[in-house]
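Below is the file final11.cif, which contains mmCIF, C-alpha atoms.
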data_work
loop_
_atom_site.group_PDB
_atom_site.id
_atom_site.type_symbol
_atom_site.label_atom_id
_atom_site.label_comp_id
_atom_site.auth_asym_id
_atom_site.auth_seq_id
_atom_site.Cartn_x
_atom_site.Cartn_y
_atom_site.Cartn_z
ATOM 1 C CA MET O 1 37.664 4.731 -0.428
ATOM 2 C CA THR O 2 37.488 8.448 -1.069
ATOM 3 C CA THR O 3 36.392 9.662 -4.451
ATOM 4 C CA GLU O 4 36.327 13.091 -6.044
ATOM 5 C CA LEU O 5 33.155 14.166 -7.806
ATOM 6 C CA GLY O 6 35.086 15.034 -10.946
ATOM 7 C CA SER O 7 36.626 11.574 -11.285
ATOM 8 C CA ILE O 8 33.309 9.660 -11.180
ATOM 9 C CA PRO O 9 31.930 8.460 -14.531
ATOM 10 C CA ASP O 10 28.635 10.189 -15.304
ATOM 11 C CA SER O 11 26.585 7.020 -15.653
ATOM 12 C CA ASN O 12 26.588 3.335 -16.468
ATOM 13 C CA PRO O 13 25.468 1.944 -19.862
ATOM 14 C CA ARG O 14 21.777 2.164 -18.835
ATOM 15 C CA GLY O 15 22.121 5.868 -18.031
ATOM 16 C CA ILE O 16 21.999 5.533 -14.248
ATOM 17 C CA PRO O 17 24.379 7.980 -12.555
ATOM 18 C CA LYS O 18 27.014 6.416 -10.328
ATOM 19 C CA ALA O 19 26.555 6.880 -6.595
ATOM 20 C CA VAL O 20 29.367 8.371 -4.556
ATOM 21 C CA PHE O 21 30.330 6.621 -1.353
ATOM 22 C CA VAL O 22 32.125 9.014 0.970
ATOM 23 C CA GLU O 23 34.099 7.216 3.645
ATOM 24 C CA ASN O 24 35.918 10.240 5.047
ATOM 25 C CA VAL O 25 33.996 13.497 4.664
ATOM 26 C CA GLU O 26 36.863 15.786 5.698
ATOM 27 C CA GLU O 27 39.258 14.274 3.154
ATOM 28 C CA PHE O 28 36.531 14.325 0.478
ATOM 29 C CA MET O 29 35.799 18.020 1.069
ATOM 30 C CA LYS O 30 39.493 19.004 0.810
ATOM 31 C CA ASN O 31 39.303 18.364 -2.933
ATOM 32 C CA GLU O 32 36.070 20.317 -3.453
ATOM 33 C CA SER O 33 35.597 24.062 -3.863
ATOM 34 C CA SER O 34 32.509 24.529 -1.693
ATOM 35 C CA ALA O 35 30.074 22.520 0.368
ATOM 36 C CA ASP O 36 27.136 24.116 -1.462
ATOM 37 C CA ALA O 37 28.333 22.829 -4.831
ATOM 38 C CA VAL O 38 28.801 19.309 -3.446
ATOM 39 C CA LEU O 39 25.398 19.331 -1.759
ATOM 40 C CA LYS O 40 23.761 20.617 -4.935
ATOM 41 C CA HIS O 41 25.395 17.856 -6.997
ATOM 42 C CA MET O 42 24.410 15.185 -4.457
ATOM 43 C CA GLN O 43 20.819 16.498 -4.355
ATOM 44 C CA GLU O 44 20.600 16.407 -8.153
ATOM 45 C CA ASN O 45 21.740 12.782 -8.171
ATOM 46 C CA TYR O 46 19.277 11.937 -5.407
ATOM 47 C CA SER O 47 16.472 13.478 -7.482
ATOM 48 C CA LYS O 48 17.551 11.383 -10.475
ATOM 49 C CA TYR O 49 17.510 8.205 -8.364
ATOM 50 C CA LYS O 50 14.017 8.990 -7.048
ATOM 51 C CA PHE O 51 12.791 9.666 -10.587
ATOM 52 C CA MET O 52 14.242 6.349 -11.802
ATOM 53 C CA GLU O 53 12.722 4.528 -8.822
ATOM 54 C CA THR O 54 9.287 5.933 -9.637
ATOM 55 C CA ASN O 55 9.621 4.958 -13.300
ATOM 56 C CA LEU O 56 10.788 1.460 -12.381
ATOM 57 C CA SER O 57 7.831 1.017 -10.009
ATOM 58 C CA LYS O 58 5.406 2.121 -12.736
ATOM 59 C CA SER O 59 7.073 -0.204 -15.223
ATOM 60 C CA LYS O 60 6.797 -3.161 -12.834
ATOM 61 C CA ALA O 61 3.113 -2.432 -12.196
ATOM 62 C CA ASN O 62 2.527 -2.186 -15.944
ATOM 63 C CA LEU O 63 4.366 -5.471 -16.448
ATOM 64 C CA LYS O 64 2.280 -7.277 -13.839
ATOM 65 C CA GLY O 65 -0.845 -6.108 -15.658
ATOM 66 C CA LYS O 66 0.310 -7.197 -19.106
ATOM 67 C CA ILE O 67 1.425 -10.767 -18.394
ATOM 68 C CA PRO O 68 -2.141 -12.023 -17.696
ATOM 69 C CA GLU O 69 -3.316 -10.265 -20.863
ATOM 70 C CA ILE O 70 -0.574 -11.950 -22.884
ATOM 71 C CA ARG O 71 -1.542 -15.324 -21.397
ATOM 72 C CA LYS O 72 -5.149 -14.750 -22.498
ATOM 73 C CA ASN O 73 -3.850 -13.979 -25.979
ATOM 74 C CA LEU O 74 -1.908 -17.242 -25.954
ATOM 75 C CA GLU O 75 -5.051 -19.140 -24.892
ATOM 76 C CA MET O 76 -6.950 -17.562 -27.796
ATOM 77 C CA LEU O 77 -4.150 -18.480 -30.203
ATOM 78 C CA ASN O 78 -4.296 -22.080 -28.967
ATOM 79 C CA TYR O 79 -8.087 -22.101 -29.401
ATOM 80 C CA LEU O 80 -7.917 -20.712 -32.941
ATOM 81 C CA ALA O 81 -5.117 -23.139 -33.830
ATOM 82 C CA SER O 82 -7.297 -26.025 -32.657
ATOM 83 C CA LYS O 83 -10.100 -24.763 -34.941
ATOM 84 C CA LYS O 84 -7.832 -24.388 -37.976
ATOM 85 C CA GLY O 85 -9.808 -25.442 -41.042
ATOM 86 C CA ASP O 86 -13.150 -25.232 -39.191
ATOM 87 C CA GLN O 87 -15.539 -22.311 -39.248
ATOM 88 C CA VAL O 88 -15.627 -20.241 -36.032
ATOM 89 C CA THR O 89 -18.398 -17.790 -35.135
ATOM 90 C CA SER O 90 -17.183 -14.701 -33.346
ATOM 91 C CA ASN O 91 -18.543 -11.346 -32.164
ATOM 92 C CA PHE O 92 -16.530 -8.235 -33.082
ATOM 93 C CA GLU O 93 -16.906 -4.860 -31.397
ATOM 94 C CA LEU O 94 -17.444 -2.196 -34.039
ATOM 95 C CA SER O 95 -17.779 0.683 -31.579
ATOM 96 C CA ASP O 96 -19.040 1.176 -28.028
ATOM 97 C CA GLN O 97 -21.851 -1.312 -27.426
ATOM 98 C CA ILE O 98 -22.181 -2.168 -31.137
ATOM 99 C CA PHE O 99 -21.174 -5.698 -32.129
ATOM 100 C CA ALA O 100 -21.245 -7.704 -35.335
ATOM 101 C CA THR O 101 -21.232 -11.483 -35.721
ATOM 102 C CA ALA O 102 -18.855 -13.034 -38.236
ATOM 103 C CA ASN O 103 -17.926 -16.524 -39.359
ATOM 104 C CA ILE O 104 -14.192 -16.922 -39.859
ATOM 105 C CA ASN O 105 -11.964 -19.723 -41.115
ATOM 106 C CA PRO O 106 -8.742 -19.263 -39.117
ATOM 107 C CA GLU O 107 -5.655 -19.974 -41.232
ATOM 108 C CA THR O 108 -3.340 -17.241 -39.925
ATOM 109 C CA VAL O 109 -3.448 -14.679 -37.144
ATOM 110 C CA CYS O 110 -2.524 -10.986 -37.042
ATOM 111 C CA LEU O 111 -0.671 -9.745 -33.963
ATOM 112 C CA TRP O 112 -0.635 -6.127 -32.878
ATOM 113 C CA LEU O 113 2.995 -5.332 -32.042
ATOM 114 C CA GLY O 114 2.436 -1.708 -31.050
ATOM 115 C CA ALA O 115 3.502 1.583 -32.635
ATOM 116 C CA ASN O 116 0.824 1.108 -35.323
ATOM 117 C CA VAL O 117 2.376 -2.183 -36.458
ATOM 118 C CA MET O 118 0.370 -5.350 -37.054
ATOM 119 C CA LEU O 119 1.873 -8.441 -38.672
ATOM 120 C CA GLU O 120 0.338 -11.642 -39.977
ATOM 121 C CA TYR O 121 1.771 -14.913 -38.638
ATOM 122 C CA SER O 122 1.070 -18.601 -38.936
ATOM 123 C CA PHE O 123 -0.271 -20.111 -35.718
ATOM 124 C CA ASP O 124 3.052 -21.763 -34.882
ATOM 125 C CA GLU O 125 4.998 -18.536 -35.368
ATOM 126 C CA ALA O 126 2.461 -16.532 -33.357
ATOM 127 C CA GLN O 127 2.486 -19.022 -30.474
ATOM 128 C CA THR O 128 6.285 -18.990 -30.431
ATOM 129 C CA LEU O 129 6.340 -15.185 -30.435
ATOM 130 C CA VAL O 130 3.802 -14.884 -27.616
ATOM 131 C CA CYS O 131 5.614 -17.530 -25.514
ATOM 132 C CA HIS O 132 8.890 -15.641 -26.000
ATOM 133 C CA LEU O 133 7.116 -12.419 -25.077
ATOM 134 C CA ILE O 134 5.883 -13.902 -21.793
ATOM 135 C CA HIS O 135 9.370 -15.260 -21.033
ATOM 136 C CA PHE O 136 11.161 -11.988 -21.784
ATOM 137 C CA ARG O 137 8.601 -9.868 -19.947
ATOM 138 C CA ARG O 138 9.260 -11.924 -16.842
ATOM 139 C CA ARG O 139 13.039 -11.640 -17.197
ATOM 140 C CA HIS O 140 13.639 -8.186 -18.664
ATOM 141 C CA GLY O 141 10.542 -6.179 -17.971
ATOM 142 C CA ASN O 142 8.655 -3.887 -20.265
ATOM 143 C CA ASP O 143 11.401 -2.137 -22.175
ATOM 144 C CA GLU O 144 11.858 -1.546 -25.887
ATOM 145 C CA TYR O 145 15.094 -3.571 -26.002
ATOM 146 C CA SER O 146 13.191 -6.705 -24.960
ATOM 147 C CA ARG O 147 10.592 -6.279 -27.711
ATOM 148 C CA LYS O 148 13.263 -5.900 -30.388
ATOM 149 C CA GLU O 149 15.210 -8.889 -29.056
ATOM 150 C CA ILE O 150 12.075 -11.072 -29.082
ATOM 151 C CA LEU O 151 11.272 -10.188 -32.690
ATOM 152 C CA ASN O 152 14.863 -10.828 -33.777
ATOM 153 C CA ARG O 153 14.974 -14.233 -32.071
ATOM 154 C CA VAL O 154 11.693 -15.381 -33.600
ATOM 155 C CA GLU O 155 12.695 -14.360 -37.126
#
For the structure just supplied, provide its representation as structure tokens.
Amino acid sequence: MTTELGSIPDSNPRGIPKAVFVENVEEFMKNESSADAVLKHMQENYSKYKFMETNLSKSKANLKGKIPEIRKNLEMLNYLASKKGDQVTSNFELSDQIFATANINPETVCLWLGANVMLEYSFDEAQTLVCHLIHFRRRHGNDEYSRKEILNRVE
């Protein structure tokens, strides 16, 4: 199938430019003004694909690093939920190498959601949110859409 550069949609809904498959180069070039313009356009698209590949690789590496951290958070939530109503002694870091000991009575938990947002949840709500977060991180990766969808589903 031969396609003209002008008739190709710019991108799909995620913003990824469509790739052009050229089956017959001679027929393809009949509709174009110059080879330099076509090569320049193709090189620009190639650069965009490489940029997106690099970003996707970084995002996947970031995702692999965050899932174990989220699991540790879930373990801590389970521990605090099991101690609900009992006094728990904990060490808090005040600054580098300076810690304070505190006795807490866990009734609720505050979760840091990012972008300077922290919300208070009951243990059941927090465990549900963190479980959904693990599930969606595995399926959708580390994008903003997933975070918003998780929060909407939990509410």
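For the residues O:Gly114, O:Gly85, O:Pro17, O:Pro106, ranking by smallest atom-to-atom distance to Lys48 (chain O) using all atoms listed in the file places O:Pro17 first.
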Check which residues satisfy the PyMOL selection byres ((chain O and resi 64-69) around 10) in the file shown, then give them as a PDB file with C-alpha atoms, in the frame of the given file.
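And here is the file that came out, out.pdb:
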ATOM      1  CA  LYS O  58       5.406   2.121 -12.736  1.00  0.00           C
ATOM      2  CA  SER O  59       7.073  -0.204 -15.223  1.00  0.00           C
ATOM      3  CA  LYS O  60       6.797  -3.161 -12.834  1.00  0.00           C
ATOM      4  CA  ALA O  61       3.113  -2.432 -12.196  1.00  0.00           C
ATOM      5  CA  ASN O  62       2.527  -2.186 -15.944  1.00  0.00           C
ATOM      6  CA  LEU O  63       4.366  -5.471 -16.448  1.00  0.00           C
ATOM      7  CA  ILE O  70      -0.574 -11.950 -22.884  1.00  0.00           C
ATOM      8  CA  ARG O  71      -1.542 -15.324 -21.397  1.00  0.00           C
ATOM      9  CA  LYS O  72      -5.149 -14.750 -22.498  1.00  0.00           C
ATOM     10  CA  ASN O  73      -3.850 -13.979 -25.979  1.00  0.00           C
ATOM     11  CA  LEU O  74      -1.908 -17.242 -25.954  1.00  0.00           C
ATOM     12  CA  GLU O  75      -5.051 -19.140 -24.892  1.00  0.00           C
ATOM     13  CA  LEU O 133       7.116 -12.419 -25.077  1.00  0.00           C
ATOM     14  CA  ILE O 134       5.883 -13.902 -21.793  1.00  0.00           C
ATOM     15  CA  HIS O 135       9.370 -15.260 -21.033  1.00  0.00           C
ATOM     16  CA  ARG O 137       8.601  -9.868 -19.947  1.00  0.00           C
ATOM     17  CA  ARG O 138       9.260 -11.924 -16.842  1.00  0.00           C
ATOM     18  CA  GLY O 141      10.542  -6.179 -17.971  1.00  0.00           C
ATOM     19  CA  ASN O 142       8.655  -3.887 -20.265  1.00  0.00           C
TER      20      ASN O 142
END
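Here CA of Asn45 (chain O) and CA of Phe21 (chain O) stand 12.6 Å from one another.
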Closest atom pairs, region 31-90 of chain O residues within 8 Å of region 99-104 of chain O, all atoms listed in the file, as JSON lines:
{"residue": "O:Gln87", "atom": "CA", "partner": "O:Ile104", "partner_atom": "CA", "distance": 5.6}
{"residue": "O:Val88", "atom": "CA", "partner": "O:Ile104", "partner_atom": "CA", "distance": 5.3}
{"residue": "O:Thr89", "atom": "CA", "partner": "O:Asn103", "partner_atom": "CA", "distance": 4.4}
{"residue": "O:Ser90", "atom": "CA", "partner": "O:Ala102", "partner_atom": "CA", "distance": 5.4}
Find the distance between CA of Asp124 (chain O) and CA of Asp86 (chain O) and write it in Å to one decimal. 17.1 Å
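Between CA of Met29 (chain O) and CA of Ile16 (chain O) the interatomic distance comes to 24.1 Å.
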Complete region 58-69 of chain O at the level of all heavy atoms, written as an mmCIF file, keeping the file's coordinate frame.
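See rebuild27.cif below for the written result:
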data_model
loop_
_atom_site.group_PDB
_atom_site.id
_atom_site.type_symbol
_atom_site.label_atom_id
_atom_site.label_comp_id
_atom_site.auth_asym_id
_atom_site.auth_seq_id
_atom_site.Cartn_x
_atom_site.Cartn_y
_atom_site.Cartn_z
ATOM 1 N N LYS O 58 6.492 2.063 -11.752
ATOM 2 C CA LYS O 58 5.406 2.121 -12.736
ATOM 3 C C LYS O 58 5.573 1.024 -13.782
ATOM 4 O O LYS O 58 4.597 0.379 -14.182
ATOM 5 C CB LYS O 58 5.382 3.486 -13.428
ATOM 6 C CG LYS O 58 4.879 4.600 -12.567
ATOM 7 C CD LYS O 58 4.926 5.922 -13.313
ATOM 8 C CE LYS O 58 4.544 7.076 -12.434
ATOM 9 N NZ LYS O 58 4.652 8.367 -13.142
ATOM 10 N N SER O 59 6.805 0.823 -14.221
ATOM 11 C CA SER O 59 7.073 -0.204 -15.223
ATOM 12 C C SER O 59 6.749 -1.592 -14.685
ATOM 13 O O SER O 59 6.164 -2.416 -15.390
ATOM 14 C CB SER O 59 8.540 -0.127 -15.645
ATOM 15 O OG SER O 59 8.840 -1.114 -16.577
ATOM 16 N N LYS O 60 7.104 -1.863 -13.434
ATOM 17 C CA LYS O 60 6.797 -3.161 -12.834
ATOM 18 C C LYS O 60 5.294 -3.366 -12.707
ATOM 19 O O LYS O 60 4.787 -4.460 -12.958
ATOM 20 C CB LYS O 60 7.461 -3.295 -11.467
ATOM 21 C CG LYS O 60 8.930 -3.570 -11.537
ATOM 22 C CD LYS O 60 9.512 -3.769 -10.154
ATOM 23 C CE LYS O 60 10.972 -4.112 -10.230
ATOM 24 N NZ LYS O 60 11.550 -4.351 -8.892
ATOM 25 N N ALA O 61 4.570 -2.321 -12.300
ATOM 26 C CA ALA O 61 3.113 -2.432 -12.196
ATOM 27 C C ALA O 61 2.497 -2.684 -13.565
ATOM 28 O O ALA O 61 1.576 -3.496 -13.705
ATOM 29 C CB ALA O 61 2.541 -1.163 -11.572
ATOM 30 N N ASN O 62 3.003 -1.998 -14.576
ATOM 31 C CA ASN O 62 2.527 -2.186 -15.944
ATOM 32 C C ASN O 62 2.801 -3.612 -16.411
ATOM 33 O O ASN O 62 1.961 -4.253 -17.040
ATOM 34 C CB ASN O 62 3.225 -1.173 -16.853
ATOM 35 C CG ASN O 62 2.668 -1.159 -18.251
ATOM 36 O OD1 ASN O 62 1.591 -1.678 -18.515
ATOM 37 N ND2 ASN O 62 3.415 -0.560 -19.157
ATOM 38 N N LEU O 63 3.980 -4.110 -16.077
ATOM 39 C CA LEU O 63 4.366 -5.471 -16.448
ATOM 40 C C LEU O 63 3.444 -6.500 -15.810
ATOM 41 O O LEU O 63 2.990 -7.424 -16.468
ATOM 42 C CB LEU O 63 5.808 -5.733 -16.016
ATOM 43 C CG LEU O 63 6.335 -7.141 -16.178
ATOM 44 C CD1 LEU O 63 6.369 -7.514 -17.647
ATOM 45 C CD2 LEU O 63 7.702 -7.253 -15.568
ATOM 46 N N LYS O 64 3.155 -6.333 -14.536
ATOM 47 C CA LYS O 64 2.280 -7.277 -13.839
ATOM 48 C C LYS O 64 0.892 -7.297 -14.473
ATOM 49 O O LYS O 64 0.235 -8.328 -14.489
ATOM 50 C CB LYS O 64 2.175 -6.925 -12.362
ATOM 51 C CG LYS O 64 3.406 -7.288 -11.588
ATOM 52 C CD LYS O 64 3.244 -6.981 -10.116
ATOM 53 C CE LYS O 64 4.501 -7.366 -9.358
ATOM 54 N NZ LYS O 64 4.384 -7.102 -7.931
ATOM 55 N N GLY O 65 0.455 -6.168 -15.009
ATOM 56 C CA GLY O 65 -0.845 -6.108 -15.658
ATOM 57 C C GLY O 65 -0.861 -6.727 -17.043
ATOM 58 O O GLY O 65 -1.891 -7.212 -17.502
ATOM 59 N N LYS O 66 0.274 -6.715 -17.725
ATOM 60 C CA LYS O 66 0.310 -7.197 -19.106
ATOM 61 C C LYS O 66 0.513 -8.703 -19.226
ATOM 62 O O LYS O 66 0.065 -9.292 -20.204
ATOM 63 C CB LYS O 66 1.397 -6.469 -19.886
ATOM 64 C CG LYS O 66 0.996 -5.051 -20.231
ATOM 65 C CD LYS O 66 1.946 -4.419 -21.187
ATOM 66 C CE LYS O 66 1.448 -3.012 -21.515
ATOM 67 N NZ LYS O 66 2.258 -2.374 -22.514
ATOM 68 N N ILE O 67 1.176 -9.323 -18.279
ATOM 69 C CA ILE O 67 1.425 -10.767 -18.394
ATOM 70 C C ILE O 67 0.119 -11.559 -18.426
ATOM 71 O O ILE O 67 -0.031 -12.434 -19.286
ATOM 72 C CB ILE O 67 2.395 -11.259 -17.296
ATOM 73 C CG1 ILE O 67 3.802 -10.751 -17.620
ATOM 74 C CG2 ILE O 67 2.398 -12.771 -17.192
ATOM 75 C CD1 ILE O 67 4.858 -11.128 -16.618
ATOM 76 N N PRO O 68 -0.878 -11.288 -17.569
ATOM 77 C CA PRO O 68 -2.141 -12.023 -17.696
ATOM 78 C C PRO O 68 -2.829 -11.784 -19.044
ATOM 79 O O PRO O 68 -3.420 -12.704 -19.613
ATOM 80 C CB PRO O 68 -2.989 -11.485 -16.543
ATOM 81 C CG PRO O 68 -2.025 -10.965 -15.553
ATOM 82 C CD PRO O 68 -0.863 -10.463 -16.364
ATOM 83 N N GLU O 69 -2.730 -10.578 -19.545
ATOM 84 C CA GLU O 69 -3.316 -10.265 -20.863
ATOM 85 C C GLU O 69 -2.630 -11.068 -21.963
ATOM 86 O O GLU O 69 -3.286 -11.600 -22.859
ATOM 87 C CB GLU O 69 -3.169 -8.765 -21.130
ATOM 88 C CG GLU O 69 -3.755 -8.302 -22.431
ATOM 89 C CD GLU O 69 -3.551 -6.820 -22.660
ATOM 90 O OE1 GLU O 69 -3.512 -6.058 -21.681
ATOM 91 O OE2 GLU O 69 -3.417 -6.438 -23.836
#
